[in-house]
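**Student:** File name my_file_28.cif; file contents mmCIF, C-alpha atoms; full text below.
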data_final
#
loop_
_atom_site.label_atom_id
_atom_site.label_comp_id
_atom_site.auth_asym_id
_atom_site.auth_seq_id
_atom_site.Cartn_x
_atom_site.Cartn_y
_atom_site.Cartn_z
CA MET A 23 -71.52 163.45 -22.06
CA LYS A 24 -74.29 164.49 -19.67
CA ASN A 25 -76.19 167.24 -21.51
CA TYR A 26 -77.99 166.16 -24.68
CA ASP A 27 -79.72 169.44 -25.51
CA GLY A 28 -79.11 170.05 -29.21
CA LYS A 29 -76.93 166.95 -29.58
CA THR A 30 -77.49 164.55 -32.49
CA VAL A 31 -77.88 160.82 -31.95
CA PHE A 32 -77.88 158.11 -34.65
CA ILE A 33 -79.42 154.77 -33.63
CA THR A 34 -79.42 151.63 -35.76
CA GLY A 35 -82.14 149.15 -34.90
CA GLY A 36 -84.04 152.16 -33.60
CA SER A 37 -87.55 151.11 -34.60
CA SER A 38 -88.18 148.65 -31.76
CA GLY A 39 -86.92 147.20 -28.50
CA ILE A 40 -83.82 148.68 -26.89
CA GLY A 41 -83.14 150.95 -29.85
CA LEU A 42 -86.59 152.53 -29.68
CA ALA A 43 -86.54 152.87 -25.89
CA SER A 44 -83.15 154.57 -26.14
CA ALA A 45 -84.35 156.88 -28.91
CA CYS A 46 -87.25 157.96 -26.69
CA LEU A 47 -84.92 158.63 -23.77
CA PHE A 48 -82.47 160.64 -25.87
CA ALA A 49 -85.40 162.67 -27.24
CA LYS A 50 -86.67 163.27 -23.71
CA LYS A 51 -83.19 164.59 -22.86
CA GLY A 52 -83.36 167.11 -25.72
CA ALA A 53 -81.41 165.39 -28.50
CA HIS A 54 -82.10 165.30 -32.22
CA VAL A 55 -82.58 161.63 -33.11
CA ALA A 56 -82.14 159.69 -36.35
CA ILE A 57 -83.19 156.03 -36.36
CA PHE A 58 -82.22 153.40 -38.92
CA ALA A 59 -83.96 150.07 -39.53
CA ARG A 60 -85.09 147.75 -42.33
CA ASN A 61 -88.86 147.85 -41.98
CA LYS A 62 -90.52 151.02 -43.28
CA ASP A 63 -93.78 150.56 -41.34
CA ASN A 64 -91.92 149.99 -38.07
CA LEU A 65 -89.87 153.12 -38.69
CA GLU A 66 -92.97 155.22 -39.28
CA ASN A 67 -94.62 153.91 -36.12
CA ALA A 68 -91.45 154.52 -34.12
CA ILE A 69 -91.24 158.13 -35.26
CA HIS A 70 -94.68 158.83 -33.81
CA VAL A 71 -93.64 157.25 -30.51
CA ILE A 72 -90.38 159.21 -30.28
CA GLU A 73 -92.05 162.50 -31.28
CA ARG A 74 -94.23 162.30 -28.17
CA GLU A 75 -91.12 162.21 -25.98
CA LYS A 76 -89.44 165.35 -27.32
CA LYS A 77 -88.26 167.87 -24.77
CA VAL A 78 -88.86 170.82 -27.12
CA SER A 79 -90.76 171.06 -30.41
CA SER A 80 -87.68 172.12 -32.40
CA GLN A 81 -85.98 168.72 -32.03
CA ASN A 82 -85.57 166.78 -35.27
CA ILE A 83 -86.73 163.16 -35.26
CA VAL A 84 -85.98 161.40 -38.57
CA ALA A 85 -86.08 157.81 -39.85
CA TYR A 86 -84.05 156.14 -42.59
CA GLN A 87 -84.72 152.73 -44.10
CA CYS A 88 -81.47 150.78 -44.07
CA ASP A 89 -80.15 147.23 -43.76
CA VAL A 90 -76.89 147.66 -41.83
CA SER A 91 -75.55 144.37 -43.17
CA ASP A 92 -75.36 146.02 -46.61
CA SER A 93 -72.48 148.50 -46.84
CA ALA A 94 -74.00 150.31 -49.83
CA GLN A 95 -77.29 150.87 -47.98
CA VAL A 96 -75.42 152.18 -44.94
CA GLN A 97 -73.46 154.65 -47.04
CA LYS A 98 -76.64 155.87 -48.76
CA ALA A 99 -78.69 156.23 -45.57
CA PHE A 100 -75.92 157.78 -43.50
CA THR A 101 -75.04 160.24 -46.27
CA ARG A 102 -78.66 161.41 -46.23
CA ALA A 103 -78.62 161.62 -42.44
CA LEU A 104 -75.45 163.72 -42.46
CA LYS A 105 -77.04 166.08 -44.96
CA ASP A 106 -80.25 166.34 -42.95
CA MET A 107 -78.92 166.25 -39.39
CA GLY A 108 -75.19 166.98 -39.47
CA VAL A 109 -72.54 164.81 -37.84
CA CYS A 110 -73.79 162.78 -34.90
CA ASP A 111 -72.48 163.26 -31.37
CA VAL A 112 -73.55 159.72 -30.45
CA LEU A 113 -73.65 156.62 -32.66
CA PHE A 114 -75.56 153.81 -30.97
CA ASN A 115 -75.26 150.54 -32.91
CA CYS A 116 -78.23 148.51 -31.71
CA ALA A 117 -79.27 146.45 -34.74
CA GLY A 118 -78.97 142.71 -34.23
CA ARG A 119 -80.76 139.40 -34.03
CA ALA A 120 -80.48 135.82 -32.76
CA TYR A 121 -81.90 132.44 -33.78
CA PRO A 122 -80.67 130.03 -31.08
CA ALA A 123 -80.02 126.43 -32.12
CA LYS A 124 -77.52 123.66 -31.56
CA PHE A 125 -74.31 124.10 -33.52
CA GLU A 126 -74.98 121.21 -35.90
CA ASP A 127 -78.40 122.65 -36.73
CA ILE A 128 -77.03 126.07 -37.70
CA SER A 129 -76.48 126.40 -41.42
CA ILE A 130 -73.56 128.28 -42.87
CA GLU A 131 -76.14 130.68 -44.32
CA GLN A 132 -77.47 131.47 -40.84
CA PHE A 133 -73.96 131.92 -39.47
CA GLU A 134 -73.05 134.31 -42.26
CA GLU A 135 -76.25 136.31 -41.79
CA THR A 136 -75.69 136.53 -38.04
CA MET A 137 -72.19 137.88 -38.54
CA LYS A 138 -73.32 140.28 -41.27
CA ILE A 139 -76.07 141.82 -39.17
CA ASN A 140 -74.51 141.76 -35.70
CA MET A 141 -70.82 142.41 -36.45
CA PHE A 142 -70.49 143.64 -40.03
CA GLY A 143 -73.38 146.03 -39.45
CA ILE A 144 -71.40 147.73 -36.70
CA TRP A 145 -68.30 147.76 -38.87
CA HIS A 146 -70.17 149.39 -41.78
CA THR A 147 -71.74 152.22 -39.76
CA THR A 148 -68.64 152.90 -37.69
CA ALA A 149 -66.30 152.89 -40.68
CA PHE A 150 -68.53 155.43 -42.41
CA ILE A 151 -69.04 157.83 -39.51
CA VAL A 152 -65.65 157.88 -37.74
CA PRO A 153 -63.93 160.21 -40.25
CA TYR A 154 -66.74 162.74 -39.71
CA MET A 155 -66.66 162.43 -35.92
CA LYS A 156 -62.89 162.80 -35.54
CA PRO A 157 -62.75 166.63 -35.74
CA LYS A 158 -65.21 167.16 -32.87
CA GLY A 159 -65.22 163.90 -30.88
CA GLY A 160 -68.25 162.05 -29.58
CA VAL A 161 -69.47 158.67 -28.40
CA ILE A 162 -69.85 155.29 -30.09
CA VAL A 163 -71.74 152.52 -28.29
CA ASN A 164 -71.86 149.05 -29.80
CA THR A 165 -74.39 146.49 -28.59
CA SER A 166 -73.03 143.11 -27.56
CA SER A 167 -74.78 140.97 -24.95
CA VAL A 168 -74.21 139.05 -21.74
CA ALA A 169 -73.78 136.23 -24.28
CA GLY A 170 -70.78 138.20 -25.52
CA LEU A 171 -69.21 137.71 -22.10
CA VAL A 172 -70.14 134.08 -21.52
CA GLY A 173 -70.61 131.49 -24.25
CA VAL A 174 -74.01 129.84 -23.75
CA TYR A 175 -75.34 126.54 -25.10
CA GLY A 176 -77.37 127.16 -28.26
CA TYR A 177 -75.69 130.45 -29.16
CA THR A 178 -72.60 129.41 -31.11
CA ASP A 179 -73.19 131.79 -34.02
CA TYR A 180 -74.65 134.57 -31.85
CA ALA A 181 -71.87 134.36 -29.24
CA ALA A 182 -69.25 134.43 -31.99
CA SER A 183 -70.66 137.71 -33.26
CA LYS A 184 -71.11 139.24 -29.81
CA PHE A 185 -67.64 138.27 -28.55
CA ALA A 186 -66.27 139.80 -31.76
CA ILE A 187 -68.04 143.08 -31.02
CA ILE A 188 -66.30 143.38 -27.66
CA GLY A 189 -62.87 142.72 -29.14
CA PHE A 190 -63.52 145.16 -31.98
CA SER A 191 -64.74 147.83 -29.57
CA GLU A 192 -61.80 147.42 -27.22
CA ALA A 193 -59.31 147.90 -30.04
CA LEU A 194 -61.32 150.78 -31.51
CA ARG A 195 -61.51 152.47 -28.12
CA SER A 196 -57.73 152.67 -27.88
CA GLU A 197 -57.42 154.02 -31.44
CA LEU A 198 -60.04 156.75 -31.09
CA LYS A 199 -59.10 158.15 -27.67
CA GLN A 200 -56.77 160.70 -29.27
CA TYR A 201 -59.76 162.14 -31.13
CA LYS A 202 -61.89 162.35 -27.96
CA ILE A 203 -64.26 159.68 -29.27
CA ASN A 204 -65.31 157.40 -26.42
CA VAL A 205 -66.21 153.80 -27.30
CA SER A 206 -68.39 151.62 -25.09
CA VAL A 207 -70.14 148.26 -25.33
CA LEU A 208 -73.66 147.69 -24.08
CA CYS A 209 -74.19 144.12 -22.80
CA PRO A 210 -77.88 143.67 -22.04
CA PRO A 211 -79.31 140.50 -20.48
CA ASP A 212 -82.56 138.93 -21.67
CA THR A 213 -84.77 141.90 -22.49
CA GLU A 214 -88.50 142.14 -23.20
CA THR A 215 -88.25 142.91 -26.92
CA PRO A 216 -89.74 141.51 -30.15
CA GLY A 217 -86.34 139.96 -30.83
CA PHE A 218 -86.42 138.09 -27.52
CA HIS A 219 -89.76 136.53 -28.38
CA THR A 220 -88.33 135.47 -31.74
CA GLU A 221 -85.40 133.84 -29.95
CA ASN A 222 -87.74 131.82 -27.77
CA LYS A 223 -89.23 130.12 -30.83
CA THR A 224 -86.00 128.23 -31.57
CA LYS A 225 -84.23 127.95 -28.19
CA PRO A 226 -83.02 124.45 -27.34
CA GLU A 227 -84.38 123.09 -24.08
CA GLU A 228 -80.89 123.25 -22.55
CA THR A 229 -80.70 126.97 -23.30
CA ARG A 230 -84.06 127.55 -21.64
CA GLU A 231 -82.91 125.67 -18.55
CA ILE A 232 -79.75 127.77 -18.23
CA SER A 233 -81.65 131.04 -18.44
CA LYS A 234 -84.92 130.14 -16.72
CA SER A 235 -84.02 131.83 -13.43
CA ALA A 236 -82.71 134.98 -15.09
CA LYS A 237 -84.83 138.09 -14.68
CA ILE A 238 -86.05 139.66 -17.92
CA VAL A 239 -85.47 143.41 -17.95
CA SER A 240 -87.40 146.09 -19.81
CA PRO A 241 -85.97 148.01 -22.79
CA GLU A 242 -86.45 151.19 -20.78
CA ARG A 243 -84.19 149.92 -18.01
CA VAL A 244 -81.51 149.05 -20.57
CA ALA A 245 -81.85 152.53 -22.10
CA HIS A 246 -81.31 154.17 -18.70
CA SER A 247 -78.24 151.98 -18.14
CA LEU A 248 -76.97 153.05 -21.56
CA LEU A 249 -77.15 156.76 -20.74
CA LYS A 250 -75.63 156.21 -17.31
CA GLY A 251 -72.77 154.28 -18.90
CA ILE A 252 -72.18 157.03 -21.45
CA GLU A 253 -72.10 159.68 -18.71
CA LYS A 254 -69.47 157.71 -16.80
CA ASN A 255 -67.53 156.69 -19.92
CA THR A 256 -67.90 153.05 -18.89
CA PHE A 257 -66.49 150.57 -21.38
CA ILE A 258 -68.63 147.51 -20.55
CA ILE A 259 -72.14 148.76 -19.76
CA LEU A 260 -74.14 146.26 -17.71
CA CYS A 261 -77.82 146.62 -16.86
CA ASN A 262 -78.62 144.68 -13.70
CA PHE A 263 -77.06 142.93 -10.72
CA GLU A 264 -77.20 139.49 -12.36
CA SER A 265 -75.22 140.75 -15.34
CA ILE A 266 -72.60 142.33 -13.09
CA LEU A 267 -72.32 139.10 -11.10
CA THR A 268 -71.96 137.06 -14.31
CA TYR A 269 -69.29 139.41 -15.63
CA TYR A 270 -67.09 139.17 -12.53
CA ALA A 271 -67.73 135.47 -11.98
CA LYS A 272 -66.61 134.71 -15.54
CA ARG A 273 -63.46 136.78 -15.02
CA PHE A 274 -62.43 135.50 -11.60
CA VAL A 275 -64.12 132.12 -11.05
CA PRO A 276 -64.86 130.79 -14.55
CA ARG A 277 -65.06 127.18 -13.36
CA ILE A 278 -68.06 128.02 -11.20
CA VAL A 279 -69.84 129.58 -14.19
CA GLU A 280 -69.05 126.50 -16.26
CA TYR A 281 -70.25 124.19 -13.48
CA VAL A 282 -73.58 126.00 -13.11
CA MET A 283 -74.27 125.89 -16.85
CA ASP A 284 -73.10 122.29 -17.25
CA SER A 285 -75.37 121.24 -14.39
CA ALA A 286 -78.38 122.80 -16.08
CA ILE A 287 -77.48 121.12 -19.38
CA MET A 288 -77.02 117.72 -17.75
CA LYS A 289 -80.37 118.06 -15.99
CA VAL A 290 -82.14 118.44 -19.33
CA GLN A 291 -80.18 115.70 -21.06
CA LYS A 292 -80.85 113.23 -18.24
CA ARG A 293 -84.53 114.07 -18.45
CA LYS A 294 -84.47 113.38 -22.19
CA GLY A 295 -82.36 110.27 -21.75
CA GLY A 296 -79.74 111.70 -24.08
CA LEU A 297 -76.78 112.01 -21.70
CA GLN A 298 -73.74 110.18 -23.06
#
As structure tokens, please, write out the structure in this file.

**Tutor:**
Amino acid sequence: MKNYDGKTVFITGGSSGIGLASACLFAKKGAHVAIFARNKDNLENAIHVIEREKKVSSQNIVAYQCDVSDSAQVQKAFTRALKDMGVCDVLFNCAGRAYPAKFEDISIEQFEETMKINMFGIWHTTAFIVPYMKPKGGVIVNTSSVAGLVGVYGYTDYAASKFAIIGFSEALRSELKQYKINVSVLCPPDTETPGFHTENKTKPEETREISKSAKIVSPERVAHSLLKGIEKNTFIILCNFESILTYYAKRFVPRIVEYVMDSAIMKVQKRKGGLQ
């Protein structure tokens, strides 16, 4: 898909961060855009931002309040969106969150919430929309993370959800090819978003050490990578050189990746005097 004039795009988590940047870019390309998120005020503010990026005045930009972790809310919001906008050509699942912590400090409630938002949310929206997309085809992009490619200290619950998204998407991709529905996975690195600042509030020191040299990218750069990946029908969409290097290093020289991360962890633990 290269021409978005008159196309319809549904974006969960579209009121901020990568979701909002992507909504603006799709609007700039001429698409009708529907965004879904939990916070009503954020949705209203996002609509004003996206409206300014429209290619032509006739484009529809609509917001729906919805918690993707709740199947009933997804069905209600997406039913309204179908009535208002028609079947989407692109579904971009971008809702998600992370609260880094050591495994023993993560409650079962946090783990369940992480899975519900990050993985179940994608399941709910995709399960609803696929039957409607099958007759005409389209694109589904699910958001994982570089932490869905490499398990990182402090992200046991988050990595579990993000690894799951890649496996789900790979299986779904093979099932939906016959209907001309392309499935991709976006794996952004650390990105300058409100969610990233929330993550930093709870990150263990070891996690900070591992990622301290990583370059933080802008949501706009991730959005451009998203559209480029869609145009090329790329399965794993990566956003910068560091992410590409991490992806191939993990595949072909995993011991080096493990060594680099273990070294950073040991450095912190020696400094704290906690190395066993």

**Student:** Please determine, counting only C-alpha atoms, which residue among A:Thr148, A:Thr165, A:Asn115, A:Ser233 has the shortest atom-to-atom distance to Ser93 in chain A.

**Tutor:** A:Thr148

**Student:** Mind checking which residues fall within 9 Å of Tyr86 in chain A, counting all atoms listed in the file, ignoring those fewer than 2 positions away in the same chain, and posting them as a PDB file with C-alpha atoms, in the coordinates of the input?

**Tutor:**
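Written output follows (selection-v2.pdb):
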ATOM      1  CA  ALA A  56     -82.140 159.690 -36.350  1.00  0.00           C
ATOM      2  CA  ILE A  57     -83.190 156.030 -36.360  1.00  0.00           C
ATOM      3  CA  PHE A  58     -82.220 153.400 -38.920  1.00  0.00           C
ATOM      4  CA  ALA A  59     -83.960 150.070 -39.530  1.00  0.00           C
ATOM      5  CA  ARG A  60     -85.090 147.750 -42.330  1.00  0.00           C
ATOM      6  CA  LYS A  62     -90.520 151.020 -43.280  1.00  0.00           C
ATOM      7  CA  LEU A  65     -89.870 153.120 -38.690  1.00  0.00           C
ATOM      8  CA  VAL A  84     -85.980 161.400 -38.570  1.00  0.00           C
ATOM      9  CA  CYS A  88     -81.470 150.780 -44.070  1.00  0.00           C
ATOM     10  CA  ALA A  99     -78.690 156.230 -45.570  1.00  0.00           C
ATOM     11  CA  PHE A 100     -75.920 157.780 -43.500  1.00  0.00           C
ATOM     12  CA  ARG A 102     -78.660 161.410 -46.230  1.00  0.00           C
ATOM     13  CA  ALA A 103     -78.620 161.620 -42.440  1.00  0.00           C
TER      14      ALA A 103
END

**Student:** Once the PyMOL selection byres ((chain A and resi 142) around 12) has been evaluated on this model, what residues remain selected, and can you format them as a ChimeraX atom specification?

**Tutor:** /A:89-93,96,115,117-118,134-141,143-149,164,183-184,186-187,190

**Student:** For Tyr180 in chain A, which residue among A:Leu249, A:Val161, A:Val239, A:Ala120 is the nearest when counting all atoms listed in the file?

**Tutor:**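 Under the stated criterion, the closest residue is A:Ala120.
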
**Student:** How many Å lie between CA of Gly52 in chain A and CA of Asn262 in chain A, rounded to one decimal?

**Tutor:**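 Pair CA of Gly52 in chain A / CA of Asn262 in chain A returns 25.9 Å.
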
**Student:** Could you list, as a ChimeraX atom specification, every residue within 6 Å of Cys261 in chain A, counting only C-alpha atoms and ignoring same-chain residues fewer than 5 positions away?

**Tutor:** /A:210,244,247

**Student:** For the residues selected in the previous step, produce a file with C-alpha atoms as a short mmCIF file (atom, residue, chain, number, x, y, z; two decimals), in the coordinates of the input.

**Tutor:**
data_model
loop_
_atom_site.label_atom_id
_atom_site.label_comp_id
_atom_site.auth_asym_id
_atom_site.auth_seq_id
_atom_site.Cartn_x
_atom_site.Cartn_y
_atom_site.Cartn_z
CA PRO A 210 -77.88 143.67 -22.04
CA VAL A 244 -81.51 149.05 -20.57
CA SER A 247 -78.24 151.98 -18.14
#

**Student:** Generate the missing atoms of range 191-219 of chain A up to N, CA and C atoms and report them as a PDB file, in the frame of the given file.

**Tutor:**
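Contents of the output file result_30.pdb:
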ATOM      1  N   SER A 191     -64.527 146.573 -30.292  1.00  0.00           N
ATOM      2  CA  SER A 191     -64.740 147.830 -29.570  1.00  0.00           C
ATOM      3  C   SER A 191     -63.564 148.178 -28.677  1.00  0.00           C
ATOM      4  N   GLU A 192     -62.952 147.165 -28.084  1.00  0.00           N
ATOM      5  CA  GLU A 192     -61.800 147.420 -27.220  1.00  0.00           C
ATOM      6  C   GLU A 192     -60.625 147.973 -28.023  1.00  0.00           C
ATOM      7  N   ALA A 193     -60.385 147.390 -29.184  1.00  0.00           N
ATOM      8  CA  ALA A 193     -59.310 147.900 -30.040  1.00  0.00           C
ATOM      9  C   ALA A 193     -59.642 149.291 -30.568  1.00  0.00           C
ATOM     10  N   LEU A 194     -60.900 149.480 -30.979  1.00  0.00           N
ATOM     11  CA  LEU A 194     -61.320 150.780 -31.510  1.00  0.00           C
ATOM     12  C   LEU A 194     -61.212 151.866 -30.444  1.00  0.00           C
ATOM     13  N   ARG A 195     -61.567 151.513 -29.226  1.00  0.00           N
ATOM     14  CA  ARG A 195     -61.510 152.470 -28.120  1.00  0.00           C
ATOM     15  C   ARG A 195     -60.113 153.052 -27.969  1.00  0.00           C
ATOM     16  N   SER A 196     -59.105 152.192 -28.050  1.00  0.00           N
ATOM     17  CA  SER A 196     -57.730 152.670 -27.880  1.00  0.00           C
ATOM     18  C   SER A 196     -57.294 153.542 -29.046  1.00  0.00           C
ATOM     19  N   GLU A 197     -57.792 153.241 -30.251  1.00  0.00           N
ATOM     20  CA  GLU A 197     -57.420 154.020 -31.440  1.00  0.00           C
ATOM     21  C   GLU A 197     -58.066 155.399 -31.467  1.00  0.00           C
ATOM     22  N   LEU A 198     -59.287 155.508 -30.938  1.00  0.00           N
ATOM     23  CA  LEU A 198     -60.040 156.750 -31.090  1.00  0.00           C
ATOM     24  C   LEU A 198     -59.928 157.698 -29.901  1.00  0.00           C
ATOM     25  N   LYS A 199     -59.253 157.282 -28.841  1.00  0.00           N
ATOM     26  CA  LYS A 199     -59.100 158.150 -27.670  1.00  0.00           C
ATOM     27  C   LYS A 199     -58.467 159.487 -28.030  1.00  0.00           C
ATOM     28  N   GLN A 200     -57.474 159.455 -28.924  1.00  0.00           N
ATOM     29  CA  GLN A 200     -56.770 160.700 -29.270  1.00  0.00           C
ATOM     30  C   GLN A 200     -57.680 161.708 -29.946  1.00  0.00           C
ATOM     31  N   TYR A 201     -58.810 161.238 -30.469  1.00  0.00           N
ATOM     32  CA  TYR A 201     -59.760 162.140 -31.130  1.00  0.00           C
ATOM     33  C   TYR A 201     -60.937 162.480 -30.221  1.00  0.00           C
ATOM     34  N   LYS A 202     -60.835 162.097 -28.941  1.00  0.00           N
ATOM     35  CA  LYS A 202     -61.890 162.350 -27.960  1.00  0.00           C
ATOM     36  C   LYS A 202     -63.215 161.687 -28.384  1.00  0.00           C
ATOM     37  N   ILE A 203     -63.085 160.505 -28.978  1.00  0.00           N
ATOM     38  CA  ILE A 203     -64.260 159.680 -29.270  1.00  0.00           C
ATOM     39  C   ILE A 203     -64.239 158.512 -28.283  1.00  0.00           C
ATOM     40  N   ASN A 204     -65.214 158.466 -27.417  1.00  0.00           N
ATOM     41  CA  ASN A 204     -65.310 157.400 -26.420  1.00  0.00           C
ATOM     42  C   ASN A 204     -66.080 156.215 -27.004  1.00  0.00           C
ATOM     43  N   VAL A 205     -65.575 155.022 -26.798  1.00  0.00           N
ATOM     44  CA  VAL A 205     -66.210 153.800 -27.300  1.00  0.00           C
ATOM     45  C   VAL A 205     -66.623 152.926 -26.125  1.00  0.00           C
ATOM     46  N   SER A 206     -67.871 152.491 -26.133  1.00  0.00           N
ATOM     47  CA  SER A 206     -68.390 151.620 -25.090  1.00  0.00           C
ATOM     48  C   SER A 206     -69.114 150.433 -25.714  1.00  0.00           C
ATOM     49  N   VAL A 207     -69.376 149.429 -24.892  1.00  0.00           N
ATOM     50  CA  VAL A 207     -70.140 148.260 -25.330  1.00  0.00           C
ATOM     51  C   VAL A 207     -71.286 148.026 -24.362  1.00  0.00           C
ATOM     52  N   LEU A 208     -72.488 147.999 -24.882  1.00  0.00           N
ATOM     53  CA  LEU A 208     -73.660 147.690 -24.080  1.00  0.00           C
ATOM     54  C   LEU A 208     -73.885 146.178 -24.093  1.00  0.00           C
ATOM     55  N   CYS A 209     -74.004 145.568 -22.904  1.00  0.00           N
ATOM     56  CA  CYS A 209     -74.190 144.120 -22.800  1.00  0.00           C
ATOM     57  C   CYS A 209     -75.484 143.811 -22.052  1.00  0.00           C
ATOM     58  N   PRO A 210     -76.611 143.923 -22.735  1.00  0.00           N
ATOM     59  CA  PRO A 210     -77.880 143.670 -22.040  1.00  0.00           C
ATOM     60  C   PRO A 210     -78.115 142.190 -21.781  1.00  0.00           C
ATOM     61  N   PRO A 211     -78.871 141.878 -20.732  1.00  0.00           N
ATOM     62  CA  PRO A 211     -79.310 140.500 -20.480  1.00  0.00           C
ATOM     63  C   PRO A 211     -80.574 140.243 -21.298  1.00  0.00           C
ATOM     64  N   ASP A 212     -81.279 139.165 -21.012  1.00  0.00           N
ATOM     65  CA  ASP A 212     -82.560 138.930 -21.670  1.00  0.00           C
ATOM     66  C   ASP A 212     -83.471 140.129 -21.448  1.00  0.00           C
ATOM     67  N   THR A 213     -83.981 140.668 -22.543  1.00  0.00           N
ATOM     68  CA  THR A 213     -84.770 141.900 -22.490  1.00  0.00           C
ATOM     69  C   THR A 213     -86.096 141.700 -23.194  1.00  0.00           C
ATOM     70  N   GLU A 214     -87.145 142.292 -22.667  1.00  0.00           N
ATOM     71  CA  GLU A 214     -88.500 142.140 -23.200  1.00  0.00           C
ATOM     72  C   GLU A 214     -88.640 142.917 -24.512  1.00  0.00           C
ATOM     73  N   THR A 215     -88.218 142.288 -25.593  1.00  0.00           N
ATOM     74  CA  THR A 215     -88.250 142.910 -26.920  1.00  0.00           C
ATOM     75  C   THR A 215     -88.861 141.933 -27.923  1.00  0.00           C
ATOM     76  N   PRO A 216     -89.265 142.426 -29.102  1.00  0.00           N
ATOM     77  CA  PRO A 216     -89.740 141.510 -30.150  1.00  0.00           C
ATOM     78  C   PRO A 216     -88.679 140.474 -30.525  1.00  0.00           C
ATOM     79  N   GLY A 217     -87.420 140.887 -30.512  1.00  0.00           N
ATOM     80  CA  GLY A 217     -86.340 139.960 -30.830  1.00  0.00           C
ATOM     81  C   GLY A 217     -86.230 138.822 -29.832  1.00  0.00           C
ATOM     82  N   PHE A 218     -86.481 139.123 -28.558  1.00  0.00           N
ATOM     83  CA  PHE A 218     -86.420 138.090 -27.520  1.00  0.00           C
ATOM     84  C   PHE A 218     -87.502 137.042 -27.733  1.00  0.00           C
ATOM     85  N   HIS A 219     -88.678 137.481 -28.119  1.00  0.00           N
ATOM     86  CA  HIS A 219     -89.760 136.530 -28.380  1.00  0.00           C
ATOM     87  C   HIS A 219     -89.455 135.676 -29.607  1.00  0.00           C
TER      88      HIS A 219
END
